[in-house]
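Chemist: The file below is entry-v5.csv, CSV, C-alpha atoms:
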chain,number,residue,atom,x,y,z
A,72,MET,CA,151.9,100.1,155.1
A,73,LYS,CA,149.2,98.7,152.8
A,74,ILE,CA,148.4,95.1,152.0
A,75,CYS,CA,146.0,94.4,149.2
A,76,LEU,CA,143.7,91.4,149.2
A,77,VAL,CA,143.3,89.7,145.8
A,78,GLY,CA,141.5,86.5,144.8
A,79,LEU,CA,139.1,85.0,142.3
A,80,PRO,CA,135.4,85.4,142.9
A,81,LEU,CA,134.0,83.2,145.8
A,82,SER,CA,137.5,82.6,147.1
A,83,GLY,CA,136.6,83.9,150.5
A,84,LYS,CA,138.4,87.2,150.1
A,85,SER,CA,135.5,89.3,151.4
A,86,ALA,CA,135.0,86.9,154.4
A,87,LEU,CA,138.7,87.2,155.2
A,88,PHE,CA,138.5,91.0,155.0
A,89,SER,CA,135.5,90.9,157.3
A,90,ALA,CA,137.4,88.7,159.8
A,91,LEU,CA,140.3,91.3,159.7
A,92,THR,CA,137.9,94.2,160.4
A,93,GLY,CA,135.5,92.4,162.8
A,94,LEU,CA,132.6,93.7,160.7
A,95,ALA,CA,129.9,91.8,158.8
A,96,ALA,CA,130.7,91.4,155.1
A,97,ALA,CA,129.2,94.2,153.0
A,98,PRO,CA,126.8,93.2,150.2
A,99,ALA,CA,128.5,93.4,146.8
A,100,SER,CA,125.9,95.9,145.7
A,101,THR,CA,127.0,98.4,148.4
A,102,LYS,CA,130.8,98.1,147.9
A,103,GLY,CA,132.9,100.9,146.5
A,104,PRO,CA,136.0,100.3,144.4
A,105,GLU,CA,137.9,99.5,147.6
A,106,GLN,CA,137.4,98.9,151.3
A,107,ILE,CA,140.1,99.8,153.8
A,108,ALA,CA,140.7,98.5,157.3
A,109,VAL,CA,143.5,99.5,159.7
A,110,VAL,CA,144.3,96.3,161.7
A,111,LYS,CA,146.3,96.1,165.0
A,112,VAL,CA,149.3,93.9,165.0
A,113,PRO,CA,149.1,91.3,167.8
A,114,ASP,CA,152.2,91.7,170.0
A,115,ASP,CA,152.6,90.2,173.5
A,116,ARG,CA,155.4,92.7,174.2
A,117,ILE,CA,153.1,95.7,174.2
A,118,GLU,CA,150.7,93.8,176.4
A,119,LEU,CA,153.4,93.3,179.0
A,120,LEU,CA,154.5,97.0,178.8
A,121,ASN,CA,150.9,98.0,179.2
A,122,GLU,CA,150.6,95.8,182.3
A,123,ILE,CA,153.7,97.3,183.9
A,124,PHE,CA,153.3,101.0,183.1
A,125,LYS,CA,149.4,101.0,183.2
A,126,PRO,CA,149.3,104.0,180.8
A,127,ARG,CA,146.2,106.0,179.9
A,128,LYS,CA,146.6,104.9,176.3
A,129,LYS,CA,148.0,101.8,174.6
A,130,THR,CA,148.9,102.1,170.9
A,131,PRO,CA,150.0,98.9,169.1
A,132,ALA,CA,151.5,98.8,165.6
A,133,SER,CA,149.0,98.6,162.7
A,134,ILE,CA,148.8,97.5,159.1
A,135,GLU,CA,146.3,98.8,156.5
A,136,PHE,CA,144.5,96.0,154.6
A,137,THR,CA,142.6,96.9,151.4
A,138,GLU,CA,140.0,94.8,149.5
A,139,ILE,CA,139.5,96.0,145.9
A,140,ALA,CA,136.6,95.3,143.7
A,141,GLY,CA,136.8,94.7,140.0
A,142,LEU,CA,137.8,91.1,139.5
A,143,GLY,CA,134.9,89.5,137.7
A,144,ALA,CA,133.9,85.9,137.3
A,145,GLY,CA,136.1,84.0,134.9
A,146,GLU,CA,139.1,86.4,135.4
A,147,PRO,CA,141.9,86.1,135.0
A,148,LYS,CA,141.4,83.1,132.7
A,149,LYS,CA,139.4,85.0,130.0
A,150,GLN,CA,140.2,88.6,129.6
A,151,GLY,CA,142.9,89.3,132.2
A,152,LEU,CA,143.1,92.0,134.8
A,153,SER,CA,142.0,95.5,133.9
A,154,GLU,CA,144.5,98.4,134.1
A,155,GLN,CA,142.5,100.1,136.8
A,156,TYR,CA,142.6,96.9,138.9
A,157,LEU,CA,146.4,96.5,138.3
A,158,ALA,CA,147.0,100.1,139.3
A,159,ARG,CA,145.3,99.5,142.7
A,160,LEU,CA,147.5,96.4,143.2
A,161,ARG,CA,150.6,98.4,142.3
A,162,ALA,CA,149.8,100.9,145.0
A,163,ALA,CA,150.1,98.2,147.6
A,164,ASP,CA,153.2,97.4,149.6
A,165,ALA,CA,152.4,93.7,149.6
A,166,LEU,CA,149.8,91.3,148.1
A,167,LEU,CA,147.6,88.9,150.0
A,168,CYS,CA,146.3,86.2,147.6
A,169,VAL,CA,143.3,84.3,148.8
A,170,VAL,CA,142.9,81.0,147.1
A,171,ARG,CA,139.9,78.7,147.7
A,172,ALA,CA,140.5,75.1,149.0
A,173,PHE,CA,137.1,74.5,150.5
A,174,ALA,CA,134.2,72.8,148.8
A,175,ASP,CA,130.6,74.2,149.0
A,176,PRO,CA,128.0,73.1,146.5
A,177,SER,CA,126.0,76.3,147.2
A,178,LEU,CA,128.9,78.4,146.1
A,179,PRO,CA,130.2,76.9,142.8
A,180,HIS,CA,133.7,77.8,141.9
A,181,PRO,CA,133.8,80.1,138.8
A,182,LEU,CA,136.3,77.8,137.1
A,183,GLU,CA,134.0,74.8,138.0
A,184,SER,CA,136.5,72.9,140.2
A,185,ILE,CA,138.5,73.4,143.4
A,186,ASP,CA,142.2,73.7,142.7
A,187,PRO,CA,143.9,76.3,144.8
A,188,VAL,CA,147.3,75.9,143.3
A,189,ARG,CA,145.8,76.4,139.8
A,190,ASP,CA,144.1,79.6,141.0
A,191,LEU,CA,147.3,81.0,142.5
A,192,ARG,CA,149.3,80.2,139.4
A,193,ALA,CA,146.6,81.9,137.3
A,194,LEU,CA,146.8,85.1,139.3
A,195,GLU,CA,150.6,85.0,139.3
A,196,THR,CA,150.6,84.6,135.6
A,197,GLU,CA,148.6,87.8,135.3
A,198,PHE,CA,151.1,89.6,137.6
A,199,LEU,CA,154.0,88.3,135.4
A,200,LEU,CA,152.3,89.5,132.2
A,201,ALA,CA,151.5,92.9,133.7
A,202,ASP,CA,155.2,93.3,134.8
A,203,LEU,CA,156.4,92.1,131.4
A,204,ALA,CA,154.2,94.7,129.6
A,205,ILE,CA,155.8,97.5,131.7
A,206,VAL,CA,159.3,96.2,131.0
A,207,GLU,CA,158.7,95.9,127.3
A,208,ALA,CA,157.2,99.4,127.0
A,209,ARG,CA,160.1,101.0,129.1
A,210,THR,CA,162.7,99.0,127.1
A,211,GLU,CA,161.4,100.4,123.9
A,212,LYS,CA,161.5,103.9,125.2
A,213,LEU,CA,165.0,103.6,126.6
A,214,THR,CA,166.3,102.1,123.4
A,215,LYS,CA,165.1,105.2,121.5
A,216,GLN,CA,166.5,107.6,124.1
A,217,ILE,CA,169.9,105.9,124.0
A,218,ALA,CA,170.0,106.0,120.2
A,219,ALA,CA,169.3,109.8,120.3
A,220,LYS,CA,171.5,110.6,123.3
A,221,LYS,CA,173.4,108.0,125.3
A,222,SER,CA,173.5,108.3,129.0
A,223,ASP,CA,175.1,106.0,131.6
A,224,ARG,CA,172.0,105.9,133.7
A,225,ASP,CA,169.8,104.9,130.8
A,226,VAL,CA,172.3,102.2,129.7
A,227,ARG,CA,172.4,100.8,133.3
A,228,GLU,CA,168.6,100.9,133.6
A,229,LEU,CA,168.2,99.1,130.2
A,230,GLY,CA,170.6,96.4,131.4
A,231,VAL,CA,168.6,95.9,134.7
A,232,LEU,CA,165.3,95.7,132.7
A,233,GLY,CA,166.9,93.1,130.4
A,234,ARG,CA,167.6,90.9,133.3
A,235,CYS,CA,164.1,91.4,134.6
A,236,ARG,CA,162.7,90.5,131.2
A,237,GLU,CA,164.7,87.2,131.2
A,238,ARG,CA,163.2,86.3,134.6
A,239,LEU,CA,159.7,87.2,133.6
A,240,GLU,CA,159.8,85.3,130.3
A,241,ALA,CA,161.0,82.3,132.3
A,242,GLU,CA,157.9,82.7,134.4
A,243,THR,CA,160.0,83.6,137.5
A,244,PRO,CA,158.7,86.4,139.9
A,245,LEU,CA,161.1,89.3,140.3
A,246,ARG,CA,161.1,88.8,144.1
A,247,TRP,CA,163.3,85.7,143.2
A,248,ALA,CA,165.7,87.9,141.3
A,249,ASP,CA,169.1,88.4,142.9
A,250,LEU,CA,169.3,92.2,142.4
A,251,ALA,CA,171.9,94.5,143.8
A,252,PRO,CA,170.5,97.2,146.2
A,253,ASP,CA,171.2,99.9,143.7
A,254,ASP,CA,169.3,98.0,141.0
A,255,GLU,CA,166.4,97.6,143.4
A,256,ILE,CA,166.3,101.3,144.0
A,257,LEU,CA,166.4,101.9,140.2
A,258,LEU,CA,163.3,99.7,139.8
A,259,ARG,CA,161.4,101.0,142.8
A,260,GLY,CA,159.2,103.4,140.7
A,261,TYR,CA,157.9,100.6,138.5
A,262,ARG,CA,156.0,99.0,141.4
A,263,PHE,CA,156.4,95.6,139.8
A,264,LEU,CA,153.7,93.2,141.2
A,265,THR,CA,156.0,90.1,141.2
A,266,GLN,CA,158.6,92.0,143.2
A,267,LYS,CA,156.2,92.7,146.1
A,268,PRO,CA,156.1,90.5,149.2
A,269,LEU,CA,153.4,87.8,148.7
A,270,ILE,CA,151.3,86.2,151.4
A,271,VAL,CA,149.2,83.3,150.2
A,272,ALA,CA,146.1,82.6,152.4
A,273,VAL,CA,144.8,79.1,151.6
A,274,ASN,CA,141.1,79.3,152.5
A,275,LEU,CA,140.4,75.8,153.9
A,276,GLY,CA,137.2,74.1,154.9
A,277,GLU,CA,136.4,74.1,158.6
A,278,ASP,CA,137.1,70.3,158.8
A,279,GLU,CA,140.6,70.8,157.3
A,280,VAL,CA,141.8,73.5,159.7
A,281,GLY,CA,143.2,70.9,162.2
A,282,ARG,CA,145.2,69.0,159.5
A,283,GLN,CA,146.9,71.6,157.5
A,284,VAL,CA,150.2,69.9,156.7
A,285,GLU,CA,148.8,67.8,153.8
A,286,ALA,CA,146.6,70.7,152.6
A,287,LEU,CA,149.5,73.2,152.4
A,288,ALA,CA,152.1,70.7,151.0
A,289,PRO,CA,151.5,71.7,147.4
A,290,PHE,CA,152.3,75.3,148.3
A,291,ALA,CA,155.9,74.5,149.3
A,292,PRO,CA,157.5,76.6,146.5
A,293,TRP,CA,155.7,79.7,147.8
A,294,ALA,CA,156.3,78.8,151.5
A,295,GLU,CA,160.0,78.4,150.9
A,296,GLY,CA,160.5,81.2,148.4
A,297,PRO,CA,162.0,84.6,149.2
A,298,ARG,CA,159.7,87.3,150.4
A,299,SER,CA,156.7,85.0,150.4
A,300,ALA,CA,154.7,83.0,153.0
A,301,VAL,CA,151.8,80.6,153.1
A,302,ILE,CA,149.1,80.6,155.8
A,303,GLY,CA,146.3,78.1,156.1
A,304,LEU,CA,143.0,79.3,157.6
A,305,SER,CA,139.2,79.1,157.3
A,306,ALA,CA,138.0,82.7,156.5
A,307,ARG,CA,134.5,81.8,157.6
A,308,LEU,CA,135.7,80.3,160.9
A,309,GLU,CA,138.0,83.3,161.5
A,310,MET,CA,135.1,85.7,160.9
A,311,GLU,CA,133.0,83.9,163.5
A,312,ILE,CA,135.9,83.9,166.0
A,313,ARG,CA,136.4,87.6,165.5
A,314,GLN,CA,132.8,88.4,166.4
A,315,LEU,CA,132.8,86.4,169.7
A,316,PRO,CA,133.7,87.8,173.2
A,317,GLU,CA,137.2,86.8,174.3
A,318,GLY,CA,136.1,84.0,176.6
A,319,GLU,CA,133.7,82.4,174.1
A,320,ALA,CA,136.4,82.7,171.4
A,321,LYS,CA,138.8,80.6,173.4
A,322,ALA,CA,136.2,77.9,174.0
A,323,PHE,CA,135.3,78.0,170.3
A,324,LEU,CA,139.0,77.6,169.3
A,325,ALA,CA,139.4,74.7,171.8
A,326,ASP,CA,136.5,72.9,170.2
A,327,PHE,CA,138.4,72.9,166.9
A,328,GLY,CA,141.7,72.0,168.5
A,329,ILE,CA,143.2,75.4,167.6
A,330,GLU,CA,145.6,77.3,170.0
A,331,SER,CA,145.1,80.8,168.6
A,332,PRO,CA,143.3,82.5,165.6
A,333,ALA,CA,145.1,82.1,162.3
A,334,LEU,CA,144.3,85.7,161.8
A,335,ASP,CA,146.9,86.7,164.4
A,336,LYS,CA,149.6,84.7,162.6
A,337,LEU,CA,148.5,86.2,159.2
A,338,ILE,CA,148.9,89.7,160.5
A,339,ALA,CA,152.2,89.0,162.3
A,340,THR,CA,153.6,87.2,159.2
A,341,SER,CA,152.5,90.1,156.9
A,342,PHE,CA,154.3,92.6,159.2
A,343,ARG,CA,157.5,90.5,159.2
A,344,LEU,CA,157.4,89.8,155.5
A,345,MET,CA,157.4,93.5,154.6
A,346,GLY,CA,160.6,94.0,156.5
A,347,LEU,CA,159.0,95.9,159.3
A,348,ALA,CA,160.0,96.1,163.0
A,349,SER,CA,158.7,97.9,166.1
A,350,PHE,CA,160.3,99.9,168.7
A,351,PHE,CA,158.5,101.2,171.8
A,352,THR,CA,158.2,104.4,173.8
A,353,VAL,CA,156.8,104.0,177.3
A,354,GLY,CA,155.4,106.1,180.1
A,355,SER,CA,152.3,106.7,182.2
A,356,ASP,CA,150.6,108.7,179.4
A,357,GLU,CA,151.1,106.1,176.6
A,358,VAL,CA,152.8,102.9,175.7
A,359,LYS,CA,153.3,102.9,171.9
A,360,ALA,CA,154.7,100.7,169.2
A,361,TRP,CA,156.3,102.6,166.3
A,362,THR,CA,156.7,100.9,163.0
A,363,ILE,CA,160.0,101.2,161.1
A,364,ARG,CA,161.9,99.4,158.4
A,365,GLU,CA,164.3,96.8,159.8
A,366,GLY,CA,167.7,98.2,160.4
A,367,MET,CA,166.6,101.9,160.4
A,368,ARG,CA,169.1,104.2,162.1
A,369,ALA,CA,168.3,105.8,165.4
A,370,VAL,CA,168.1,109.3,164.0
A,371,GLN,CA,165.6,108.2,161.3
A,372,ALA,CA,163.5,106.3,163.9
A,373,ALA,CA,163.4,109.5,165.9
A,374,GLY,CA,162.0,111.2,162.8
A,375,VAL,CA,159.1,108.7,162.8
A,376,ILE,CA,158.0,110.2,166.0
A,377,HIS,CA,158.5,113.8,165.0
A,378,SER,CA,160.8,115.7,162.7
A,379,ASP,CA,161.9,118.0,165.5
A,380,ILE,CA,163.3,115.0,167.4
A,381,GLU,CA,165.2,113.9,164.3
A,382,ARG,CA,166.5,117.4,163.7
A,383,GLY,CA,167.6,118.0,167.3
A,384,PHE,CA,168.8,114.4,168.0
A,385,ILE,CA,171.4,114.2,170.8
A,386,ARG,CA,171.3,110.5,171.8
A,387,ALA,CA,169.0,107.5,172.3
A,388,GLU,CA,168.6,105.7,175.6
A,389,VAL,CA,168.0,102.1,174.6
A,390,VAL,CA,166.9,99.0,176.5
A,391,PRO,CA,166.3,95.7,174.6
A,392,PHE,CA,162.9,94.3,175.3
A,393,GLU,CA,164.1,91.0,176.7
A,394,GLU,CA,166.3,92.8,179.2
A,395,PHE,CA,163.5,95.1,180.2
A,396,ALA,CA,161.2,92.1,180.7
A,397,ALA,CA,163.7,90.7,183.1
A,398,CYS,CA,164.1,93.9,185.1
A,399,ARG,CA,160.5,95.2,184.7
A,400,SER,CA,161.4,98.9,185.3
A,401,LEU,CA,163.7,101.5,183.7
A,402,PRO,CA,165.5,102.3,187.0
A,403,GLU,CA,166.3,98.5,187.5
A,404,CYS,CA,167.5,98.5,183.9
A,405,ARG,CA,170.0,101.3,184.7
A,406,THR,CA,171.2,99.5,187.8
A,407,ALA,CA,171.7,96.3,185.9
A,408,GLY,CA,173.5,98.1,183.1
A,409,ALA,CA,170.8,97.1,180.5
A,410,LEU,CA,170.2,100.7,179.5
A,411,ARG,CA,172.7,101.9,176.8
A,412,LEU,CA,173.4,105.3,175.2
A,413,GLU,CA,173.4,105.1,171.4
A,414,GLY,CA,174.2,107.6,168.7
A,415,LYS,CA,172.6,108.6,165.4
A,416,ASP,CA,173.9,105.6,163.4
A,417,TYR,CA,172.7,102.9,165.8
A,418,PRO,CA,170.6,100.4,163.9
A,419,VAL,CA,167.4,100.1,165.9
A,420,GLN,CA,166.5,96.5,166.8
A,421,ASP,CA,163.0,95.0,166.8
A,422,GLY,CA,161.6,95.4,170.4
A,423,ASP,CA,164.0,98.2,171.5
A,424,ILE,CA,162.5,100.5,174.2
A,425,ILE,CA,163.8,104.0,173.4
A,426,ASN,CA,163.8,107.4,174.9
A,427,PHE,CA,165.2,110.0,172.6
A,428,ARG,CA,167.1,113.0,173.9
A,429,PHE,CA,167.0,116.0,171.7
A,430,ALA,CA,167.2,119.8,171.6
A,431,VAL,CA,165.7,122.3,169.1
Give the structure from the file, written as structure tokens.

Modeler:
Amino acid sequence: MKICLVGLPLSGKSALFSALTGLAAAPASTKGPEQIAVVKVPDDRIELLNEIFKPRKKTPASIEFTEIAGLGAGEPKKQGLSEQYLARLRAADALLCVVRAFADPSLPHPLESIDPVRDLRALETEFLLADLAIVEARTEKLTKQIAAKKSDRDVRELGVLGRCRERLEAETPLRWADLAPDDEILLRGYRFLTQKPLIVAVNLGEDEVGRQVEALAPFAPWAEGPRSAVIGLSARLEMEIRQLPEGEAKAFLADFGIESPALDKLIATSFRLMGLASFFTVGSDEVKAWTIREGMRAVQAAGVIHSDIERGFIRAEVVPFEEFAACRSLPECRTAGALRLEGKDYPVQDGDIINFRFAV
């Protein structure tokens, strides 16, 4: 799963990417068209499983974050986003918009004032316009196709695009649209930007980190909207924390009155917002978190591990994490009746510990 970072120049996007990777920010002159980092998802559950099983290997869930180059000073206000830039955004599964809320005279804002809500709306306007351009082009093509040879699928697609067009012209993101599951499947190939999950990272000054309620209040429409979330953080502070040893990092956080790095919350929120869940396989060799879509059937989850397990699926031995945490061993779970046998159509729950039985 890929999350793409986007933001105006000097928003702190590169600093946040550096915090995610734990590496020093690369000079602009050395950057390629994109930088990619695979980031581990913080999860106390896998830490407990690791403590109990003491495996040779621990593998947490992960998310891929991508920072793309190409957004120049003054964009999107002047010339809009390039098609190449938009194409990279469309390839992402979710968007992470970094907006600047900190003041720094040595880094003047390209739009000459600090207004994070304005910056976010400017970016969203570009996303809306990009989606509208796709809808208009496809509508024109479908209209011609229907006039030449009418098909039920084309008529249905044209109707769905018409509803999308109404939303976009009303400056409403498509993630707000109440679309039927079949309609969403029909639109999947378009990779609409305003339909993607949106995480807004409000990049605060270090002195504002401890009092976020007021700073984040203007972002209520995004915080309360469907498939969107708002996180307040200081990218510079998170970058410094990421580079400290664990003991020093805790002391550093305490000095700022912070319980845990905002980065952990950002990663966990991103995972949840994309509709992802984890199930676990355990043993002395490895404790591993496997990433699936929420509600995935057991036989499909088996295929995430290996296609042979899916093909030869017999049953799944399942223990919910909370019940395992109470028993602290699989034999105890069996004795307590916490271990269940489930079939192919069982909807895997987040945190399930599963052993798949199969034969090929």

Chemist: Of the candidates A:Gly281, A:Gly408, A:Gly374, A:Gly346, which one gets nearest to Ile329 (chain A) if we count only C-alpha atoms?

Modeler: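 Closest candidate: A:Gly281.
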
Chemist: For each of A:Leu245, A:Ala407, A:Cys168, A:Ala272, take the minimum atom-to-atom distance to Leu287 (chain A), counting all atoms listed in the file, then give the residue where this is smallest.

Modeler: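 Distance minimum relative to Leu287 (chain A) lands on A:Ala272.
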
Chemist: What is the CA of Phe327 (chain A)-CA of Glu279 (chain A) distance in Å, reported with one decimal?

Modeler: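 Between CA of Phe327 (chain A) and CA of Glu279 (chain A) the gap is 10.1 Å.
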
Chemist: Taking 4 positions as the minimum chain separation for residues in the same chain, which residues sit within 12 Å of Leu160 (chain A) when counting only C-alpha atoms? Answer as a ChimeraX atom specification.

Modeler: /A:73-78,105,136-142,152-156,164-168,194,197-198,201-202,262-267,269

Chemist: Please, could you write that set of residues out with C-alpha atoms as an mmCIF file, keeping the file's coordinate frame?

Modeler:
data_model
loop_
_atom_site.group_PDB
_atom_site.id
_atom_site.type_symbol
_atom_site.label_atom_id
_atom_site.label_comp_id
_atom_site.auth_asym_id
_atom_site.auth_seq_id
_atom_site.Cartn_x
_atom_site.Cartn_y
_atom_site.Cartn_z
ATOM 1 C CA LYS A 73 149.200 98.700 152.800
ATOM 2 C CA ILE A 74 148.400 95.100 152.000
ATOM 3 C CA CYS A 75 146.000 94.400 149.200
ATOM 4 C CA LEU A 76 143.700 91.400 149.200
ATOM 5 C CA VAL A 77 143.300 89.700 145.800
ATOM 6 C CA GLY A 78 141.500 86.500 144.800
ATOM 7 C CA GLU A 105 137.900 99.500 147.600
ATOM 8 C CA PHE A 136 144.500 96.000 154.600
ATOM 9 C CA THR A 137 142.600 96.900 151.400
ATOM 10 C CA GLU A 138 140.000 94.800 149.500
ATOM 11 C CA ILE A 139 139.500 96.000 145.900
ATOM 12 C CA ALA A 140 136.600 95.300 143.700
ATOM 13 C CA GLY A 141 136.800 94.700 140.000
ATOM 14 C CA LEU A 142 137.800 91.100 139.500
ATOM 15 C CA LEU A 152 143.100 92.000 134.800
ATOM 16 C CA SER A 153 142.000 95.500 133.900
ATOM 17 C CA GLU A 154 144.500 98.400 134.100
ATOM 18 C CA GLN A 155 142.500 100.100 136.800
ATOM 19 C CA TYR A 156 142.600 96.900 138.900
ATOM 20 C CA ASP A 164 153.200 97.400 149.600
ATOM 21 C CA ALA A 165 152.400 93.700 149.600
ATOM 22 C CA LEU A 166 149.800 91.300 148.100
ATOM 23 C CA LEU A 167 147.600 88.900 150.000
ATOM 24 C CA CYS A 168 146.300 86.200 147.600
ATOM 25 C CA LEU A 194 146.800 85.100 139.300
ATOM 26 C CA GLU A 197 148.600 87.800 135.300
ATOM 27 C CA PHE A 198 151.100 89.600 137.600
ATOM 28 C CA ALA A 201 151.500 92.900 133.700
ATOM 29 C CA ASP A 202 155.200 93.300 134.800
ATOM 30 C CA ARG A 262 156.000 99.000 141.400
ATOM 31 C CA PHE A 263 156.400 95.600 139.800
ATOM 32 C CA LEU A 264 153.700 93.200 141.200
ATOM 33 C CA THR A 265 156.000 90.100 141.200
ATOM 34 C CA GLN A 266 158.600 92.000 143.200
ATOM 35 C CA LYS A 267 156.200 92.700 146.100
ATOM 36 C CA LEU A 269 153.400 87.800 148.700
#

Chemist: In Å, with one decimal, what is the gap from CA of Gln283 (chain A) to CA of Met345 (chain A)?

Modeler: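 Between these atoms lies a distance of 24.5 Å.
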
Chemist: How many Å separate CA of Asn274 (chain A) from CA of Pro131 (chain A)?

Modeler: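 Between CA of Asn274 (chain A) and CA of Pro131 (chain A) the gap is 27.2 Å.
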
Chemist: Considering only C-alpha atoms, state which residue in the set A:Val188, A:Leu157, A:Ala294, A:Val170 is at the smallest distance from Thr340 (chain A).

Modeler: A:Ala294

Chemist: Would you pick out the contacts of Ala396 (chain A) at 10 Å or less, using all atoms listed in the file, so that residues sharing its chain but fewer than 6 positions from it are not included, and give the list as a PDB file with C-alpha atoms, keeping the file's coordinate frame?

Modeler:
ATOM      1  CA  ARG A 116     155.400  92.700 174.200  1.00  0.00           C
ATOM      2  CA  LEU A 119     153.400  93.300 179.000  1.00  0.00           C
ATOM      3  CA  LEU A 120     154.500  97.000 178.800  1.00  0.00           C
ATOM      4  CA  ILE A 123     153.700  97.300 183.900  1.00  0.00           C
ATOM      5  CA  VAL A 390     166.900  99.000 176.500  1.00  0.00           C
ATOM      6  CA  CYS A 404     167.500  98.500 183.900  1.00  0.00           C
TER       7      CYS A 404
END

Chemist: How close does region 329-374 of chain A get to region 415-427 of chain A? List, as a tab-separated table, each residue of region 329-374 of chain A within 6 Å, its nearest atom pair and the distance in Å to one decimal, counting only C-alpha atoms.

Modeler:
residue	atom	partner	partner_atom	distance
A:Ala348	CA	A:Asp421	CA	5.0
A:Ser349	CA	A:Asp421	CA	5.2
A:Phe350	CA	A:Asp423	CA	4.9
A:Phe351	CA	A:Ile424	CA	4.7
A:Thr352	CA	A:Ile425	CA	5.6
A:Gly366	CA	A:Pro418	CA	5.0
A:Met367	CA	A:Pro418	CA	5.5
A:Arg368	CA	A:Pro418	CA	4.5
A:Ala369	CA	A:Lys415	CA	5.1
A:Val370	CA	A:Lys415	CA	4.8

Chemist: Between A:Glu228, A:Glu135, A:Asp115, A:Glu311, single out the one closest to Glu255 (chain A), counting only C-alpha atoms.

Modeler: A:Glu228

Chemist: Calculated over all atoms listed in the file, which of the candidates A:Ile302, A:Leu401, A:Ile376, A:Leu232 has the smallest distance to Phe124 (chain A)?

Modeler: A:Leu401
